[in-house]
$ cat entry37.pdb   # PDB, C-alpha atoms
ATOM      1  CA  MET A   1    -153.095  49.401  11.619
ATOM      2  CA  VAL A   2    -155.884  51.279   9.928
ATOM      3  CA  ILE A   3    -153.832  54.343   8.970
ATOM      4  CA  ILE A   4    -151.418  52.469   6.725
ATOM      5  CA  ASP A   5    -154.322  50.682   5.038
ATOM      6  CA  VAL A   6    -155.973  54.039   4.340
ATOM      7  CA  ILE A   7    -152.747  55.455   2.872
ATOM      8  CA  VAL A   8    -152.229  52.368   0.684
ATOM      9  CA  THR A   9    -155.827  52.512  -0.522
ATOM     10  CA  LEU A  10    -155.449  56.208  -1.338
ATOM     11  CA  PHE A  11    -152.358  55.490  -3.441
ATOM     12  CA  LEU A  12    -154.090  52.649  -5.280
ATOM     13  CA  ALA A  13    -157.199  54.784  -5.843
ATOM     14  CA  ALA A  14    -155.130  57.689  -7.214
ATOM     15  CA  GLY A  15    -153.290  55.304  -9.525
ATOM     16  CA  ILE A  16    -156.531  53.825 -10.811
ATOM     17  CA  PHE A  17    -157.970  57.325 -11.283
ATOM     18  CA  PHE A  18    -155.072  58.327 -13.553
ATOM     19  CA  MET A  19    -155.239  55.073 -15.527
ATOM     20  CA  PHE A  20    -158.976  55.713 -15.903
ATOM     21  CA  THR A  21    -158.462  59.235 -17.249
ATOM     22  CA  GLY A  22    -155.949  57.729 -19.670
ATOM     23  CA  VAL A  23    -158.609  55.376 -21.010
ATOM     24  CA  ILE A  24    -161.215  58.145 -21.277
ATOM     25  CA  GLY A  25    -158.690  60.285 -23.115
ATOM     26  CA  LEU A  26    -157.978  57.416 -25.492
ATOM     27  CA  LEU A  27    -161.673  57.279 -26.311
ATOM     28  CA  ARG A  28    -162.397  61.027 -26.434
ATOM     29  CA  PHE A  29    -159.390  62.640 -28.099
ATOM     30  CA  PRO A  30    -159.673  63.285 -31.825
ATOM     31  CA  ASP A  31    -156.571  61.747 -33.425
ATOM     32  CA  PHE A  32    -153.583  59.459 -33.017
ATOM     33  CA  TYR A  33    -151.157  62.019 -31.533
ATOM     34  CA  THR A  34    -153.508  63.472 -28.939
ATOM     35  CA  ARG A  35    -154.540  59.963 -27.880
ATOM     36  CA  LEU A  36    -150.900  59.194 -27.248
ATOM     37  CA  HIS A  37    -150.774  62.267 -24.994
ATOM     38  CA  ALA A  38    -153.492  60.741 -22.838
ATOM     39  CA  THR A  39    -152.133  57.204 -22.635
ATOM     40  CA  GLY A  40    -148.414  57.943 -22.544
ATOM     41  CA  LYS A  41    -148.629  60.293 -19.590
ATOM     42  CA  CYS A  42    -151.401  58.912 -17.432
ATOM     43  CA  ASP A  43    -149.868  55.445 -17.572
ATOM     44  CA  THR A  44    -146.590  56.619 -16.101
ATOM     45  CA  LEU A  45    -147.982  58.208 -12.956
ATOM     46  CA  GLY A  46    -150.833  55.691 -12.615
ATOM     47  CA  GLU A  47    -148.517  52.708 -12.599
ATOM     48  CA  VAL A  48    -146.029  54.399 -10.305
ATOM     49  CA  LEU A  49    -148.712  55.339  -7.774
ATOM     50  CA  ILE A  50    -150.042  51.762  -7.729
ATOM     51  CA  ILE A  51    -146.516  50.400  -7.222
ATOM     52  CA  VAL A  52    -145.850  52.888  -4.407
ATOM     53  CA  GLY A  53    -149.034  51.690  -2.717
ATOM     54  CA  LEU A  54    -147.936  48.057  -2.952
ATOM     55  CA  LEU A  55    -144.485  49.066  -1.710
ATOM     56  CA  LEU A  56    -145.842  50.667   1.454
ATOM     57  CA  ASP A  57    -148.102  47.690   2.056
ATOM     58  CA  HIS A  58    -145.240  45.235   1.669
ATOM     59  CA  ILE A  59    -142.885  47.218   3.910
ATOM     60  CA  TYR A  60    -145.540  47.454   6.598
ATOM     61  CA  TYR A  61    -146.426  43.752   6.622
ATOM     62  CA  TYR A  62    -143.060  42.079   6.084
ATOM     63  CA  VAL A  63    -140.699  44.499   7.781
ATOM     64  CA  TYR A  64    -142.821  45.847  10.605
ATOM     65  CA  LEU A  65    -145.402  43.129  11.418
ATOM     66  CA  LEU A  66    -143.396  40.022  10.428
ATOM     67  CA  PRO A  67    -139.737  40.769  11.182
ATOM     68  CA  GLU A  68    -138.872  37.039  11.000
ATOM     69  CA  ALA A  69    -139.624  36.912   7.257
ATOM     70  CA  PRO A  70    -136.640  35.820   5.115
ATOM     71  CA  LEU A  71    -134.385  38.469   3.612
ATOM     72  CA  SER A  72    -135.407  37.639   0.049
ATOM     73  CA  VAL A  73    -138.990  38.549   0.963
ATOM     74  CA  LYS A  74    -137.870  41.746   2.657
ATOM     75  CA  LEU A  75    -135.983  42.777  -0.481
ATOM     76  CA  VAL A  76    -139.132  42.809  -2.629
ATOM     77  CA  PRO A  77    -139.500  46.633  -2.167
ATOM     78  CA  VAL A  78    -136.110  47.055  -3.866
ATOM     79  CA  LYS A  79    -137.438  45.206  -6.901
ATOM     80  CA  LEU A  80    -140.502  47.434  -6.912
ATOM     81  CA  ILE A  81    -138.268  50.524  -6.814
ATOM     82  CA  PHE A  82    -136.343  49.164  -9.807
ATOM     83  CA  LEU A  83    -139.679  48.718 -11.556
ATOM     84  CA  ILE A  84    -140.504  52.398 -10.966
ATOM     85  CA  VAL A  85    -137.143  53.474 -12.402
ATOM     86  CA  PHE A  86    -137.595  51.308 -15.490
ATOM     87  CA  ILE A  87    -141.142  52.538 -16.049
ATOM     88  CA  PHE A  88    -139.875  56.127 -15.931
ATOM     89  CA  LEU A  89    -137.210  55.263 -18.496
ATOM     90  CA  ALA A  90    -139.224  52.990 -20.786
ATOM     91  CA  ASN A  91    -142.592  54.734 -20.899
ATOM     92  CA  PRO A  92    -141.554  58.057 -22.474
ATOM     93  CA  THR A  93    -139.177  56.223 -24.809
ATOM     94  CA  ALA A  94    -141.941  53.920 -26.046
ATOM     95  CA  THR A  95    -144.349  56.850 -26.453
ATOM     96  CA  HIS A  96    -141.712  58.707 -28.447
ATOM     97  CA  ALA A  97    -141.026  55.638 -30.604
ATOM     98  CA  ILE A  98    -144.710  55.209 -31.510
ATOM     99  CA  MET A  99    -144.994  58.948 -32.199
ATOM    100  CA  LYS A 100    -141.930  58.922 -34.441
ATOM    101  CA  ALA A 101    -143.203  55.880 -36.362
ATOM    102  CA  ALA A 102    -146.546  57.606 -36.953
ATOM    103  CA  TYR A 103    -144.879  60.857 -38.044
ATOM    104  CA  LYS A 104    -142.521  59.084 -40.443
ATOM    105  CA  THR A 105    -145.324  57.082 -42.076
ATOM    106  CA  GLY A 106    -147.227  60.308 -42.665
ATOM    107  CA  VAL A 107    -150.119  60.349 -40.193
ATOM    108  CA  LYS A 108    -151.536  63.880 -40.416
ATOM    109  CA  PRO A 109    -151.931  65.677 -37.071
ATOM    110  CA  TRP A 110    -155.401  66.904 -36.193
ATOM    111  CA  LYS A 111    -155.929  70.697 -36.212
ATOM    112  CA  LEU A 112    -158.486  72.631 -34.203
ATOM    113  CA  GLY A 113    -161.858  72.694 -35.986
ATOM    114  CA  GLU A 114    -161.424  69.536 -38.029
ATOM    115  CA  GLU A 115    -163.575  66.426 -37.738
ATOM    116  CA  ARG A 116    -162.376  63.835 -35.276
ATOM    117  CA  ARG A 117    -160.963  60.671 -36.764
TER     118      ARG A 117
ATOM    119  CA  MET B   1    -101.194  57.236 -23.502
ATOM    120  CA  LYS B   2    -101.834  53.553 -23.973
ATOM    121  CA  GLY B   3    -101.348  52.873 -20.267
ATOM    122  CA  LYS B   4    -103.906  55.563 -19.442
ATOM    123  CA  GLU B   5    -106.427  54.022 -21.818
ATOM    124  CA  GLY B   6    -105.869  50.591 -20.274
ATOM    125  CA  LYS B   7    -106.406  52.068 -16.834
ATOM    126  CA  GLY B   8    -109.661  53.698 -17.965
ATOM    127  CA  LYS B   9    -110.855  50.392 -19.379
ATOM    128  CA  GLY B  10    -110.035  48.538 -16.155
ATOM    129  CA  PHE B  11    -111.897  51.201 -14.190
ATOM    130  CA  GLY B  12    -114.894  50.817 -16.486
ATOM    131  CA  ILE B  13    -114.926  47.050 -16.033
ATOM    132  CA  LEU B  14    -114.647  47.451 -12.257
ATOM    133  CA  VAL B  15    -117.532  49.934 -12.061
ATOM    134  CA  THR B  16    -119.738  47.777 -14.279
ATOM    135  CA  PHE B  17    -118.863  44.671 -12.251
ATOM    136  CA  CYS B  18    -119.736  46.373  -8.947
ATOM    137  CA  ALA B  19    -123.043  47.692 -10.308
ATOM    138  CA  MET B  20    -123.993  44.293 -11.767
ATOM    139  CA  PHE B  21    -123.047  42.426  -8.597
ATOM    140  CA  LEU B  22    -124.967  44.836  -6.368
ATOM    141  CA  PHE B  23    -127.955  44.413  -8.677
ATOM    142  CA  TRP B  24    -127.627  40.619  -8.427
ATOM    143  CA  LEU B  25    -127.467  40.662  -4.610
ATOM    144  CA  LEU B  26    -130.470  42.971  -4.310
ATOM    145  CA  LEU B  27    -132.570  40.918  -6.702
ATOM    146  CA  SER B  28    -131.669  37.492  -5.321
ATOM    147  CA  GLY B  29    -131.577  38.227  -1.595
ATOM    148  CA  ILE B  30    -130.038  34.803  -0.910
ATOM    149  CA  PHE B  31    -126.519  34.972   0.510
ATOM    150  CA  ASP B  32    -125.248  31.377   0.494
ATOM    151  CA  ALA B  33    -121.989  30.446  -1.237
ATOM    152  CA  PHE B  34    -123.554  29.023  -4.418
ATOM    153  CA  HIS B  35    -125.665  32.055  -5.257
ATOM    154  CA  VAL B  36    -122.957  34.591  -4.423
ATOM    155  CA  ILE B  37    -120.293  32.790  -6.502
ATOM    156  CA  ALA B  38    -122.700  32.365  -9.416
ATOM    157  CA  GLY B  39    -123.396  36.091  -9.136
ATOM    158  CA  ILE B  40    -119.686  36.945  -9.201
ATOM    159  CA  ILE B  41    -119.134  34.815 -12.328
ATOM    160  CA  CYS B  42    -122.154  36.200 -14.168
ATOM    161  CA  SER B  43    -121.380  39.852 -13.331
ATOM    162  CA  ALA B  44    -117.760  39.326 -14.388
ATOM    163  CA  ILE B  45    -118.841  37.986 -17.783
ATOM    164  CA  VAL B  46    -121.321  40.825 -18.291
ATOM    165  CA  ALA B  47    -118.752  43.413 -17.175
ATOM    166  CA  LEU B  48    -116.095  42.073 -19.544
ATOM    167  CA  ILE B  49    -118.427  42.039 -22.552
ATOM    168  CA  SER B  50    -120.433  45.223 -22.075
ATOM    169  CA  HIS B  51    -118.434  47.591 -19.840
ATOM    170  CA  ASP B  52    -118.255  50.202 -22.614
ATOM    171  CA  LEU B  53    -122.049  50.589 -22.593
ATOM    172  CA  LEU B  54    -122.245  51.788 -18.999
ATOM    173  CA  VAL B  55    -118.995  53.752 -18.624
ATOM    174  CA  LYS B  56    -117.978  55.796 -21.650
ATOM    175  CA  GLY B  57    -114.270  56.541 -21.899
ATOM    176  CA  LYS B  58    -114.469  60.308 -21.399
ATOM    177  CA  GLY B  59    -115.578  60.862 -17.830
ATOM    178  CA  GLU B  60    -114.849  64.552 -17.271
ATOM    179  CA  LYS B  61    -116.840  66.215 -14.485
ATOM    180  CA  MET B  62    -118.877  63.049 -13.947
ATOM    181  CA  LEU B  63    -119.377  63.749 -10.249
ATOM    182  CA  SER B  64    -120.760  67.254 -10.554
ATOM    183  CA  LYS B  65    -122.914  66.177 -13.511
ATOM    184  CA  SER B  66    -124.433  63.299 -11.536
ATOM    185  CA  PHE B  67    -125.033  65.641  -8.609
ATOM    186  CA  ARG B  68    -126.807  68.192 -10.820
ATOM    187  CA  PHE B  69    -128.759  65.368 -12.471
ATOM    188  CA  PHE B  70    -129.902  64.155  -9.051
ATOM    189  CA  ILE B  71    -131.276  67.627  -8.228
ATOM    190  CA  TYR B  72    -132.904  67.835 -11.670
ATOM    191  CA  ILE B  73    -134.786  64.532 -11.127
ATOM    192  CA  TRP B  74    -136.815  66.000  -8.265
ATOM    193  CA  TRP B  75    -137.942  68.954 -10.376
ATOM    194  CA  GLU B  76    -138.775  66.488 -13.147
ATOM    195  CA  LEU B  77    -140.908  64.297 -10.827
ATOM    196  CA  TRP B  78    -142.938  67.366  -9.835
ATOM    197  CA  GLN B  79    -143.407  68.176 -13.530
ATOM    198  CA  ILE B  80    -144.724  64.635 -14.134
ATOM    199  CA  VAL B  81    -147.382  65.104 -11.456
ATOM    200  CA  LEU B  82    -148.370  68.430 -13.049
ATOM    201  CA  ALA B  83    -148.459  66.743 -16.468
ATOM    202  CA  ASN B  84    -150.915  64.134 -15.274
ATOM    203  CA  PHE B  85    -153.242  66.687 -13.725
ATOM    204  CA  ASP B  86    -153.011  68.693 -16.936
ATOM    205  CA  VAL B  87    -153.968  65.710 -19.089
ATOM    206  CA  ALA B  88    -156.711  64.656 -16.661
ATOM    207  CA  TYR B  89    -158.150  68.202 -16.838
ATOM    208  CA  ARG B  90    -158.099  68.235 -20.632
ATOM    209  CA  VAL B  91    -159.633  64.765 -20.840
ATOM    210  CA  LEU B  92    -162.428  65.300 -18.337
ATOM    211  CA  HIS B  93    -163.344  68.885 -19.318
ATOM    212  CA  PRO B  94    -166.608  68.745 -21.330
ATOM    213  CA  LYS B  95    -165.254  70.995 -24.112
ATOM    214  CA  MET B  96    -161.807  69.346 -24.347
ATOM    215  CA  PRO B  97    -159.543  72.454 -24.432
ATOM    216  CA  ILE B  98    -157.006  71.132 -26.942
ATOM    217  CA  ASP B  99    -155.373  72.865 -29.905
ATOM    218  CA  PRO B 100    -152.614  70.524 -31.148
ATOM    219  CA  ARG B 101    -149.608  71.808 -33.064
ATOM    220  CA  ILE B 102    -146.125  70.712 -34.062
ATOM    221  CA  ILE B 103    -143.228  72.976 -33.075
ATOM    222  CA  GLU B 104    -139.493  72.751 -33.687
ATOM    223  CA  PHE B 105    -136.538  74.366 -31.921
ATOM    224  CA  ASP B 106    -132.751  74.130 -31.708
ATOM    225  CA  THR B 107    -130.658  73.361 -28.663
ATOM    226  CA  SER B 108    -126.952  73.429 -27.926
ATOM    227  CA  LEU B 109    -126.990  69.838 -26.649
ATOM    228  CA  ARG B 110    -124.859  67.278 -28.519
ATOM    229  CA  SER B 111    -124.074  64.300 -26.244
ATOM    230  CA  ASP B 112    -126.349  61.254 -26.385
ATOM    231  CA  PHE B 113    -127.249  61.220 -22.723
ATOM    232  CA  ALA B 114    -128.205  64.904 -22.675
ATOM    233  CA  LEU B 115    -130.382  64.505 -25.777
ATOM    234  CA  VAL B 116    -132.127  61.465 -24.326
ATOM    235  CA  THR B 117    -132.722  63.286 -21.044
ATOM    236  CA  LEU B 118    -134.249  66.308 -22.765
ATOM    237  CA  ALA B 119    -136.374  64.136 -25.089
ATOM    238  CA  ASN B 120    -137.719  62.028 -22.234
ATOM    239  CA  SER B 121    -138.288  65.094 -20.059
ATOM    240  CA  ILE B 122    -140.293  66.752 -22.836
ATOM    241  CA  THR B 123    -142.399  63.629 -23.208
ATOM    242  CA  LEU B 124    -143.053  63.421 -19.479
ATOM    243  CA  THR B 125    -143.930  67.079 -18.871
ATOM    244  CA  PRO B 126    -147.330  68.693 -19.419
ATOM    245  CA  GLY B 127    -148.783  68.598 -22.920
ATOM    246  CA  THR B 128    -145.724  67.864 -25.052
ATOM    247  CA  ILE B 129    -144.268  64.758 -26.728
ATOM    248  CA  THR B 130    -141.009  64.564 -28.659
ATOM    249  CA  ILE B 131    -141.503  63.403 -32.252
ATOM    250  CA  LEU B 132    -138.039  63.581 -33.787
ATOM    251  CA  VAL B 133    -134.539  64.467 -32.642
ATOM    252  CA  GLU B 134    -131.684  65.364 -34.937
ATOM    253  CA  PRO B 135    -128.523  64.683 -32.913
ATOM    254  CA  GLU B 136    -126.066  66.528 -35.195
ATOM    255  CA  LYS B 137    -127.809  69.904 -34.924
ATOM    256  CA  GLY B 138    -129.502  69.320 -31.569
ATOM    257  CA  LYS B 139    -132.852  69.971 -33.244
ATOM    258  CA  PHE B 140    -136.157  68.814 -31.723
ATOM    259  CA  TRP B 141    -139.609  68.337 -33.262
ATOM    260  CA  VAL B 142    -142.278  68.373 -30.560
ATOM    261  CA  HIS B 143    -146.016  67.727 -30.649
ATOM    262  CA  ALA B 144    -147.801  70.060 -28.232
ATOM    263  CA  ILE B 145    -151.417  69.590 -27.248
ATOM    264  CA  ALA B 146    -152.226  73.302 -26.789
ATOM    265  CA  LYS B 147    -150.665  76.753 -27.105
ATOM    266  CA  LYS B 148    -149.532  77.093 -23.490
ATOM    267  CA  PRO B 149    -147.224  74.044 -23.315
ATOM    268  CA  ALA B 150    -145.827  74.970 -26.726
ATOM    269  CA  ASP B 151    -144.975  78.460 -25.482
ATOM    270  CA  ALA B 152    -143.299  76.978 -22.416
ATOM    271  CA  LEU B 153    -140.792  75.322 -24.759
ATOM    272  CA  LEU B 154    -140.525  78.062 -27.395
ATOM    273  CA  VAL B 155    -140.573  81.239 -25.277
ATOM    274  CA  ASP B 156    -139.660  80.410 -21.679
ATOM    275  CA  LYS B 157    -137.204  77.583 -22.450
ATOM    276  CA  THR B 158    -137.081  76.616 -18.744
ATOM    277  CA  MET B 159    -136.514  72.954 -19.475
ATOM    278  CA  GLN B 160    -133.809  73.489 -22.103
ATOM    279  CA  SER B 161    -131.819  75.786 -19.811
ATOM    280  CA  LYS B 162    -132.157  73.334 -16.933
ATOM    281  CA  VAL B 163    -130.883  70.406 -19.017
ATOM    282  CA  THR B 164    -128.013  72.417 -20.515
ATOM    283  CA  ASP B 165    -127.046  73.439 -16.977
ATOM    284  CA  VAL B 166    -127.078  69.825 -15.831
ATOM    285  CA  PHE B 167    -124.831  68.595 -18.650
ATOM    286  CA  MET B 168    -122.821  71.836 -18.978
ATOM    287  CA  GLU B 169    -123.171  72.005 -22.772
ATOM    288  CA  TRP B 170    -123.891  75.661 -23.362
TER     289      TRP B 170
END
$ encode --input "entry37.pdb" --output "structure tokens"
Amino acid sequence: MVIIDVIVTLFLAAGIFFMFTGVIGLLRFPDFYTRLHATGKCDTLGEVLIIVGLLLDHIYYYVYLLPEAPLSVKLVPVKLIFLIVFIFLANPTATHAIMKAAYKTGVKPWKLGEERR
Amino acid sequence: MKGKEGKGKGFGILVTFCAMFLFWLLLSGIFDAFHVIAGIICSAIVALISHDLLVKGKGEKMLSKSFRFFIYIWWELWQIVLANFDVAYRVLHPKMPIDPRIIEFDTSLRSDFALVTLANSITLTPGTITILVEPEKGKFWVHAIAKKPADALLVDKTMQSKVTDVFMEW
């Protein structure tokens, strides 16, 4: 079906768009902390949107078009859902850990009007 | 008293075992005797060793807390979407409307899970990242990317009140 392909492509495109803004933010923002804002947040939603796209694609092909596929193949969406949950748990924690390490080693935060580093 | 503790421990092991075994079945997807029995043995070992990580002894009001937490997650997901549009706007805007600052505030939260939830929620929502948490005083240091997200935490305190409601630690 064309409709499901369009929906999957939209999800993948939205995910790639957010990953892309994350990269641009990494290049444009002035210091360590603000760069983490860009990467730490855009990654979360970008990855999740891409995984949701793959999830819909997999459900459509192996549950709807190929019902005779083995159960272990049909359970792949469950693994993808676990991936989403773990990304939501791990991504902010990792961002916070990097931030804390930088703060404790004395990286000075950038203030408005200063030169970018 | 001792009997009650033993009962709580057995309950913890049982809950951990069920969760681990369900996880095993979902990930393997093969239901012949060998795989299922191997799964039972492995989940039993894991449950015996690490049941106290998943189920803490004091389980008062667990049900209503999990229910409130479930409602909170949906609000949090919406905030994540907003956060990404916020960052995308700040990144792609030609003038880069950022004005970073570090703020600190106190909360009434004390339990580990509540602190982790608030810290992760702050990191996921628009324009703020948790830097440090002091568990004894419930104190948070937060890096905000502009004035508006900082005011949302300092003045409105929507997120703090939502998390304290969820974990009932006023």
$ interface_residues --input "entry37.pdb" --of "chain B" --to "chain A" --cutoff "8 Å" --atoms "all atoms listed in the file" --output "PyMOL selection string"
chain B and resi 26-30+80-81+83-84+87-88+91-92+98-101+120+123-124+127-132+143+145
$ atom_distance --input "entry37.pdb" --atom1 "CA of Ile102 (chain B)" --atom2 "CA of Lys108 (chain A)"
10.8 Å
$ atom_distance --input "entry37.pdb" --atom1 "CA of Glu47 (chain A)" --atom2 "CA of Leu12 (chain A)"
9.2 Å
$ atom_distance --input "entry37.pdb" --atom1 "CA of Gly15 (chain A)" --atom2 "CA of Ile50 (chain A)"
5.1 Å
$ residues_around --input "entry37.pdb" --residues "Asp165 (chain B)" --least-positions-apart "3" --cutoff "12 Å" --atoms "all atoms listed in the file" --output "JSON, numbers by chain"
{"B": [64, 65, 66, 67, 68, 69, 71, 72, 108, 109, 114, 118, 158, 159, 160, 161, 162, 168, 169, 170]}
$ resolve_selection --input "entry37.pdb" --expression "the PyMOL selection byres ((chain B and resi 153) around 10)" --output "VMD selection string"
chain B and resid 103 to 105 122 128 142 144 148 to 152 154 to 160
$ residues_around --input "entry37.pdb" --residues "Ile49 (chain B)" --least-positions-apart "2" --cutoff "12 Å" --atoms "only C-alpha atoms" --output "ChimeraX atom specification"
/B:9,12-13,16-17,42-47,51-54
$ resolve_selection --input "entry37.pdb" --expression "the PyMOL selection byres ((chain B and resi 115) around 10)" --output "PyMOL selection string"
chain B and resi 107-114+116-121+133-135+138-140+163-164+167
$ closest_residue --input "entry37.pdb" --among "A:Phe32, A:Leu65, A:Tyr60, A:Ile16" --to "Val48 (chain A)" --atoms "all atoms listed in the file"
A:Ile16
$ residues_near_point --input "entry37.pdb" --point "(-154.3, 53.2, 2.6)" --cutoff "12 Å" --atoms "all atoms listed in the file" --output "PyMOL selection string"
chain A and resi 1-14+49-50+52-57+60
